[in-house]
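Participant: The structure is given below, and queries will be raised subsequently.
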Amino acid sequence: MRALNRKLLRDLWRLRGQVLAIALVIASGVAVLVMSLTALEALQGTAEAYYERYRFAQVFASVKRAPERLASRIAALPGVQAVETRIVELAILDIEGFAEPVIGILASIPERGEPQLNRLALRQGRFVAPGRPDEVVISESFSEGHGLGPGDHLHAIMNGHKRRLDVVGVALSPEYVYSIGPGALMPDDQRFGVLWMGEEALAAAYDLDGAFNDVALSLLRGAASEDVIDRLDLLLARYGGIGAFDRKDQVSNWFVMNELDQLKNLATILPTIFLSVAAFLTNMVLNRLIAIERSEIGLVKAFGYSSLEIGWHYMKLVMAIAGLGIVIGWSLGSWLGNFLTETLAEQYRFPFIYYRPGPAAYAIAALVSLGAALLGTWGAVRRAVALPPAEAMQPPAPPLYRRTRMGALAARLDQPTRMIFRQILRWPLRSAMTSLGVALAIAVLIISLHWLDSITHMVQVYFFDAQHQDVTVALVEPQSSVVTREFARLPGVLAVEPGRQLSVRFRSGQREKRESISGLPRDAWMQPAYDAGGEAVAIPPEGLVLSKKLAEILAVGRGDSVTVEVLEGRRPVREVPVAGVVETYIGTAAYMSLEAANRMMRERPSVDLLHLLVDPRQQAALFAELKELPEVSAVMLRRATVDKFYETMARIMYIFITFYIVFACTLAVGVAYNSARIALSERGRELATLRVLGMSRLEISYILLGEVAILVFIGLPLGCLCGAGLAWLVTDLFETDLYRVPLVIEPSTFGYSILIAVAATVVSAALVRRRVDRLDLIAVLKTRE
């Protein structure tokens with residue numbers, strides 16, 4: 001082994017504490033990067049394989065009623081590869097032992113053979129058999145939510161008739177990877193389920209023999225979905241079509257793709273922070289090592305080693321530290337990636353998980369982290385190789401001191417405290433970087449903990465400030481406003497507020513967006529148009545009130561007009577002025593007065609949505625009554641929606657928060673430990689001299705660790721500012737059409753972040769304090785200056 005290689009191994013062993021601390025910081029960045037990239041790769045690969053294997057459709061459309069013969073004309077459209085016509089209906093389900101009404105989607109499948117598109121992955125039992133009209137296959141999430149399986153049964157209100165349905169199988173579908181009910185924000189396995197029924201049986205139940213009300217298409221490679229959608233809409237218009245849409249707008253797929261986009265954002269922000277701090281720490285250690293070994297550098301150059309060999313020696317030291325961090329990060333990131341994939345797979349129902357991470361994620365993580373470490377230490381290495389032998393073997397020039405205002409203020413302090421401030425002022429850049437490293441650790445904690453504050457605020461505004469109903473009932477068809485009085489007479493109903501939902505397509509210039517308009521009474525109070533700023537907005541007699549996000553998508557503002565194409569009923573097309581814009585956190589809502597909505601539809605006063613205020617003591621009686629009403633298509637409970645929202649979000653958020661707290665503590669320990677260790681190595685002779693002169697171990701520890709304490713103290717407010725800024729950046733990057741998470745950081749979040757970071761630095765200081773206690777005074781005093 002060459003002499004320089006033996007020296008490299010000795011340096012690594014001598015600096016093992018600092019090497020490990022830096023390696024763990026690098027490992028944290030690598031782990032987050034590998035976790036994000038491998039989970040992203042796994043979910044993308046799983047979704048693509050699932051969609052392809054089970055032939056997930058690319059275009060979807062619903063109609064009122066269309067003859068089966070229309071399928072051949074749809075198949076003849078340019079770009080269409082396959083057509084699957086079917087029947088899809090909403091129904092109220094009655095589950096034994098579960099008091100609340102359950103929303104069910106009934107979808108038809110062939111009694112013989114498999115559907116061409118959106119095929120089912122059978123998990124238990126079998127498919128429906130010919131001649132057995134009461135058999136159904138249920139979704140796996142619904143099966144687990146109620147403990148149902150083959151051999152069990154349930155009841156459903158189908159077209160006004162209550163029927164017993166026998167469960168013969170449990171399945172998954174690419175159409176319901178994210179199984180979410182009408183009006184819901186999160187999957188609720190107890191209150192929403194998908195049931196697949198024989199096509200002939202479902203057609204007979206809903207008087208759709210020889211007809212369909214839903215169609216799915218697959219396209220030829222290279223076909224433009226926009227062109228197919230336009231032609232399909234023209235074909236279905238006379239049959240009550242409500243507008244075809246692309247796979248990217250299909251609810252389940254939209255949620256899956258949105259999760260992938262968030263993982264991409266996750267793979268950029270945190271690794272950048274960790275690897276930047278790792279570069280600074282490596283540079284700090286290497287600068288100190290080169291300063292200590294100044295004379296040795298000159299000596300080996302005098303013996304004939306070239307500048308290139310010396311530079312390569314120190315580069316190998318950096319690469320060894322980074323390599324250790326990369327290996328640890330690879331292992332940790334692989335485990336975290338697998339854990340994250342399995343956690344998300346529980347929420348997104350896949351029949352299999354394709355977690356086989358390729359080399360790309362590991363290569364990217366290794367190259368980025370190694371590049372950051374080398375880039376951060378390049379200046380130190382360049383200074384080492386630039387030293388001429390004769391100059392290198394001389395002691396370095398003593399630092400220049402001059403009187404400053406800070407020095408004058410420090411003169412009023414006791415001697416040990418003056419020594420602390422003198423050391424900080426002697427190395428201002430290194431001191432600033434140490435404070436910045438601690439600040440970034442606090443910032444990472446704030447980024448993770450602030451989600452709890454933001455989500456809590458969002459839930460409070462959306463579910464409690466903007467909504468006051470207990471139950472929302474959706475009707476099968478729009479009915480006369482007289483139905484409001486009928487529901488007011490149901491058991492436990494204290495008040496009723498009507499509403500209407502219109503499926504529309506907004507157009508403004510070249511921009512368009514498919515949405516729904518909520519028709520509200522002018523005096524709506526149960527579910528008004530509510531601005532997130534904290535007030536309900538009055539609905540004007542004419543015109544629209546748009547959410548800020550929808551207004552941005554359409555590039556319109558107050559006073560502009562938008563084209564509203566209604567996708568149901570007589571399908572009117574109107575130019576409607578924008579009367580107001582409100583900030584909302586969830587969805588891209590649009591509001592209109594109920595009277596104006598009915599006038600636009602050219603219909604008598606009609607409603608299809610009823611908000612109920614309910615006496616909690618009579619909820620059970622109300623639910624029993626709602627289960628028997630044939631005109632009800634869905635029942636939504638505000639309290640259940642909130643509980644499910646918290647349950648789903650909390651499970652995922654607490655996992656991520658735990659990860660980030662561990663990573664942030666690693667960051668704080670790495671910065672504080674290296675700062676204290678470098679100070680100890682620089683000032684070992686000075687501290688030993690002070691001990692010999694009579695100072696106690698406590699005083700020596702105060703001089704050494706007091707510097708770290710002051711730098712940490714400076715980093716606390718800086719960390720709060722950095723955390724607030726990065727939290728704003730993260731919330732902005734994670735904004736989608738469905739969610740706009742507000743930037744809310746409670747004072748307690750700053751407090752907890754500071755406490756965790758301080759605790760981590762106290763641990764690292766305690767480790768260095770042990771070294772001070774074991775300082776060999778004779779050996780240190782023998783060390784040559």
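As shown in the structure tokens, the chain order sets the letters A, B, ...; within each chain, residues go from 1, and ligands are also counted from 1 in the order they appear.
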Skip Ser334 of chain A itself and residues of its chain fewer than 3 positions away, then list as an NGL selection string all residues within 8 Å of it, counting only C-alpha atoms.
Facilitator: :A and (31 or 34-35 or 38 or 330-331 or 337-338)
Participant: Need to verify the contact set: Phe645 of chain A, 9 Å, only C-alpha atoms, exclusion of same-chain residues closer than 3 positions in sequence. Can you return it as a list in words?
Facilitator: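 Everything that qualifies: Leu185, Met186, Pro187, Asp188, Val459, Ala640, Thr641, Val642, Thr648, Met649 and Ala650 of chain A.
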Participant: Could you write out that same residue set with N, CA and C atoms as a PDB file, in the first residue's frame?
Facilitator:
```
ATOM      1  N   LEU A 185     -63.834  13.468  -0.359  1.00  0.00           N
ATOM      2  CA  LEU A 185     -62.452  13.892  -0.582  1.00  0.00           C
ATOM      3  C   LEU A 185     -61.460  12.780  -0.316  1.00  0.00           C
ATOM      4  N   MET A 186     -61.889  11.781   0.439  1.00  0.00           N
ATOM      5  CA  MET A 186     -61.035  10.660   0.789  1.00  0.00           C
ATOM      6  C   MET A 186     -61.820   9.368   0.638  1.00  0.00           C
ATOM      7  N   PRO A 187     -61.138   8.263   0.362  1.00  0.00           N
ATOM      8  CA  PRO A 187     -61.850   6.982   0.315  1.00  0.00           C
ATOM      9  C   PRO A 187     -62.463   6.657   1.674  1.00  0.00           C
ATOM     10  N   ASP A 188     -63.689   6.144   1.657  1.00  0.00           N
ATOM     11  CA  ASP A 188     -64.368   5.718   2.868  1.00  0.00           C
ATOM     12  C   ASP A 188     -64.930   4.331   2.600  1.00  0.00           C
ATOM     13  N   VAL A 459     -59.321  22.167   7.304  1.00  0.00           N
ATOM     14  CA  VAL A 459     -60.506  21.415   7.711  1.00  0.00           C
ATOM     15  C   VAL A 459     -61.482  22.323   8.456  1.00  0.00           C
ATOM     16  N   ALA A 640     -68.702  12.199   9.238  1.00  0.00           N
ATOM     17  CA  ALA A 640     -67.972  11.033   8.739  1.00  0.00           C
ATOM     18  C   ALA A 640     -66.905  11.450   7.743  1.00  0.00           C
ATOM     19  N   THR A 641     -67.209  12.454   6.916  1.00  0.00           N
ATOM     20  CA  THR A 641     -66.228  12.940   5.946  1.00  0.00           C
ATOM     21  C   THR A 641     -65.016  13.533   6.645  1.00  0.00           C
ATOM     22  N   VAL A 642     -65.264  14.317   7.695  1.00  0.00           N
ATOM     23  CA  VAL A 642     -64.160  14.919   8.453  1.00  0.00           C
ATOM     24  C   VAL A 642     -63.306  13.843   9.114  1.00  0.00           C
ATOM     25  N   THR A 648     -57.191   9.382   7.167  1.00  0.00           N
ATOM     26  CA  THR A 648     -56.328   9.096   6.017  1.00  0.00           C
ATOM     27  C   THR A 648     -55.119  10.010   6.001  1.00  0.00           C
ATOM     28  N   MET A 649     -55.352  11.307   6.186  1.00  0.00           N
ATOM     29  CA  MET A 649     -54.252  12.269   6.145  1.00  0.00           C
ATOM     30  C   MET A 649     -53.292  12.051   7.302  1.00  0.00           C
ATOM     31  N   ALA A 650     -53.823  11.789   8.492  1.00  0.00           N
ATOM     32  CA  ALA A 650     -52.960  11.637   9.670  1.00  0.00           C
ATOM     33  C   ALA A 650     -52.023  10.458   9.514  1.00  0.00           C
TER      34      ALA A 650
END
```
Participant: When you look at Val327 of chain A with a cut-off of 10 Å (counting only C-alpha atoms), what residues show up, excluding the ones that are within fewer than 6 positions of it in the same chain? I need them as a list in words.
Facilitator: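 So, after excluding close chain neighbours, the residues are Ala23, Ile26, Ala27, Val30, Ala31, Gly333, Tyr362 and Ala366 of chain A.
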Participant: Would you save the residues of that selection, restricted to all heavy atoms, as an mmCIF file, in the first residue's frame?
Facilitator:
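That gives us out_9.cif:
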```cif
data_model
loop_
_atom_site.group_PDB
_atom_site.id
_atom_site.type_symbol
_atom_site.label_atom_id
_atom_site.label_comp_id
_atom_site.auth_asym_id
_atom_site.auth_seq_id
_atom_site.Cartn_x
_atom_site.Cartn_y
_atom_site.Cartn_z
ATOM 1 N N ALA A 23 -21.222 11.667 7.135
ATOM 2 C CA ALA A 23 -21.789 10.577 6.332
ATOM 3 C C ALA A 23 -23.278 10.413 6.611
ATOM 4 O O ALA A 23 -24.071 10.141 5.694
ATOM 5 C CB ALA A 23 -21.053 9.270 6.619
ATOM 6 N N ILE A 26 -25.121 13.144 4.763
ATOM 7 C CA ILE A 26 -25.201 12.763 3.345
ATOM 8 C C ILE A 26 -26.204 11.631 3.175
ATOM 9 O O ILE A 26 -27.016 11.632 2.232
ATOM 10 C CB ILE A 26 -23.813 12.356 2.824
ATOM 11 C CG1 ILE A 26 -22.863 13.553 2.818
ATOM 12 C CG2 ILE A 26 -23.911 11.741 1.427
ATOM 13 C CD1 ILE A 26 -21.442 13.219 2.435
ATOM 14 N N ALA A 27 -26.165 10.660 4.092
ATOM 15 C CA ALA A 27 -27.086 9.522 4.007
ATOM 16 C C ALA A 27 -28.542 9.978 4.086
ATOM 17 O O ALA A 27 -29.412 9.404 3.422
ATOM 18 C CB ALA A 27 -26.788 8.523 5.125
ATOM 19 N N VAL A 30 -29.416 11.320 0.671
ATOM 20 C CA VAL A 30 -29.486 10.202 -0.269
ATOM 21 C C VAL A 30 -30.728 9.364 -0.007
ATOM 22 O O VAL A 30 -31.423 8.941 -0.940
ATOM 23 C CB VAL A 30 -28.209 9.336 -0.160
ATOM 24 C CG1 VAL A 30 -28.351 8.058 -0.978
ATOM 25 C CG2 VAL A 30 -26.995 10.121 -0.648
ATOM 26 N N ALA A 31 -31.035 9.135 1.284
ATOM 27 C CA ALA A 31 -32.196 8.308 1.631
ATOM 28 C C ALA A 31 -33.496 8.930 1.144
ATOM 29 O O ALA A 31 -34.361 8.244 0.589
ATOM 30 C CB ALA A 31 -32.239 8.086 3.144
ATOM 31 N N GLY A 333 -32.673 4.332 2.207
ATOM 32 C CA GLY A 333 -33.620 4.773 1.187
ATOM 33 C C GLY A 333 -34.391 3.633 0.572
ATOM 34 O O GLY A 333 -35.582 3.769 0.265
ATOM 35 N N TYR A 362 -30.465 4.954 -7.710
ATOM 36 C CA TYR A 362 -29.256 4.888 -6.884
ATOM 37 C C TYR A 362 -28.104 5.651 -7.531
ATOM 38 O O TYR A 362 -27.322 6.309 -6.840
ATOM 39 C CB TYR A 362 -28.878 3.427 -6.660
ATOM 40 C CG TYR A 362 -29.940 2.647 -5.933
ATOM 41 C CD1 TYR A 362 -30.904 1.920 -6.615
ATOM 42 C CD2 TYR A 362 -30.010 2.664 -4.544
ATOM 43 C CE1 TYR A 362 -31.893 1.213 -5.950
ATOM 44 C CE2 TYR A 362 -30.991 1.970 -3.856
ATOM 45 C CZ TYR A 362 -31.936 1.245 -4.574
ATOM 46 O OH TYR A 362 -32.918 0.572 -3.915
ATOM 47 N N ALA A 366 -26.248 8.834 -5.896
ATOM 48 C CA ALA A 366 -24.798 8.783 -5.669
ATOM 49 C C ALA A 366 -24.086 9.933 -6.370
ATOM 50 O O ALA A 366 -23.227 10.602 -5.780
ATOM 51 C CB ALA A 366 -24.252 7.442 -6.154
#
```
Participant: Please identify all polymer residues within 8 Å of segment 505-508 of chain A, counting only C-alpha atoms, omitting same-chain residues fewer than 4 positions from it, and present them as a list in words.
Facilitator: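 In the requested form, the answer reads Glu512, Lys513, Arg514, Glu515, Ser516, Leu554, Ala555, Val556, Ser561, Val562, Thr563, Val564, Glu565, Val566 and Leu567 of chain A.
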Participant: List the neighbours of Arg485 of chain A out to 9 Å using only C-alpha atoms; skip same-chain residues closer than 4 positions along the sequence, and give me the result as a VMD selection string.
Facilitator: chain A and resid 481 489 496
Participant: Fewer than 6 positions away in the same chain doesn't count, so skip those; otherwise give me all residues within 9 Å of segment 742-758 of chain A, counting only C-alpha atoms, as a PyMOL selection string.
Facilitator: chain A and resi 438-439+441-446+449-455+457-458+585+661+664-665+667-669+712-713+716+719-720+723-724+727-728+731-732
Participant: Enter the distance from atom CA of Glu346 of chain A to atom CA of Asp249 of chain A, in Å, rounded to one decimal.
Facilitator: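 Rounded to one decimal, the two atoms are 22.2 Å apart.
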Participant: Name the residues in contact with Tyr355 of chain A at a cut-off of 9 Å, using only C-alpha atoms, excluding same-chain residues fewer than 4 positions from it; report them as a list in words.
Facilitator: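 Final neighbour list, sorted by chain and number: Thr38, Ala39, Glu41, Ala42, Leu43, Gly45, Thr46, Gly337, Asn338 and Thr341 of chain A.
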Participant: Apply DSSP to the backbone of this structure and, from segment 308-437 of chain A, keep only the residues in alpha helix (DSSP H); write these as number ranges by chain.
Facilitator: A: 308-347, 359-386, 389-392, 405-410, 415-426, 428-437
Participant: Out of A:Ile424, A:Val768, A:Val80, A:Leu721, which residue has the shortest atom-to-atom distance to Glu226 of chain A when counting only C-alpha atoms?
Facilitator: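 Residue with the minimum atom-to-atom distance to Glu226 of chain A: A:Val80.
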Participant: Under the rule that only C-alpha atoms are counted, which of A:Ile269, A:Leu629, A:Val318, A:Leu77 is the nearest residue to Glu486 of chain A?
Facilitator: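 Checking each of A:Ile269, A:Leu629, A:Val318, A:Leu77 against Glu486 of chain A, counting only C-alpha atoms, the winner is A:Leu629.
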Participant: Kindly indicate which residue among A:Gly241, A:Gly323, A:Gly104, A:Gly670 lies nearest to Val368 of chain A, using only C-alpha atoms for the distances.
Facilitator: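 Of A:Gly241, A:Gly323, A:Gly104, A:Gly670, the one nearest Val368 of chain A is A:Gly323, counting only C-alpha atoms.
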Participant: Could you please determine the separation between atom CA of Ser108 of chain A and atom CA of Arg126 of chain A in Å, to one decimal place?
Facilitator: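 These atoms are spaced 15.3 Å apart.
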Participant: What is the atom CA of Gly543 of chain A-atom CA of Ala634 of chain A distance in Å, reported with one decimal?
Facilitator: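 Straight-line distance from atom CA of Gly543 of chain A to atom CA of Ala634 of chain A works out to 28.7 Å.
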Participant: Tell me which of A:Ile364, A:Ile586, A:Leu234, A:Ala709 sits closest to Tyr739 of chain A, counting only C-alpha atoms.
Facilitator: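 Comparing A:Ile364, A:Ile586, A:Leu234, A:Ala709 against Tyr739 of chain A, the winner is A:Ile586.
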Participant: Compare A:Ala82, A:Met315, A:Ala532, A:Leu546 by their minimum atom-to-atom distance to Asp560 of chain A, counting only C-alpha atoms, and give me the closest one.
Facilitator: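 Closest to Asp560 of chain A of all the choices is A:Leu546.
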Participant: Have a look at A:Leu37, A:Val708, A:Ile290, A:Leu299 and name the one nearest to Lys264 of chain A; count only C-alpha atoms.
Facilitator: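 Selected residue with least distance to Lys264 of chain A: A:Leu37.
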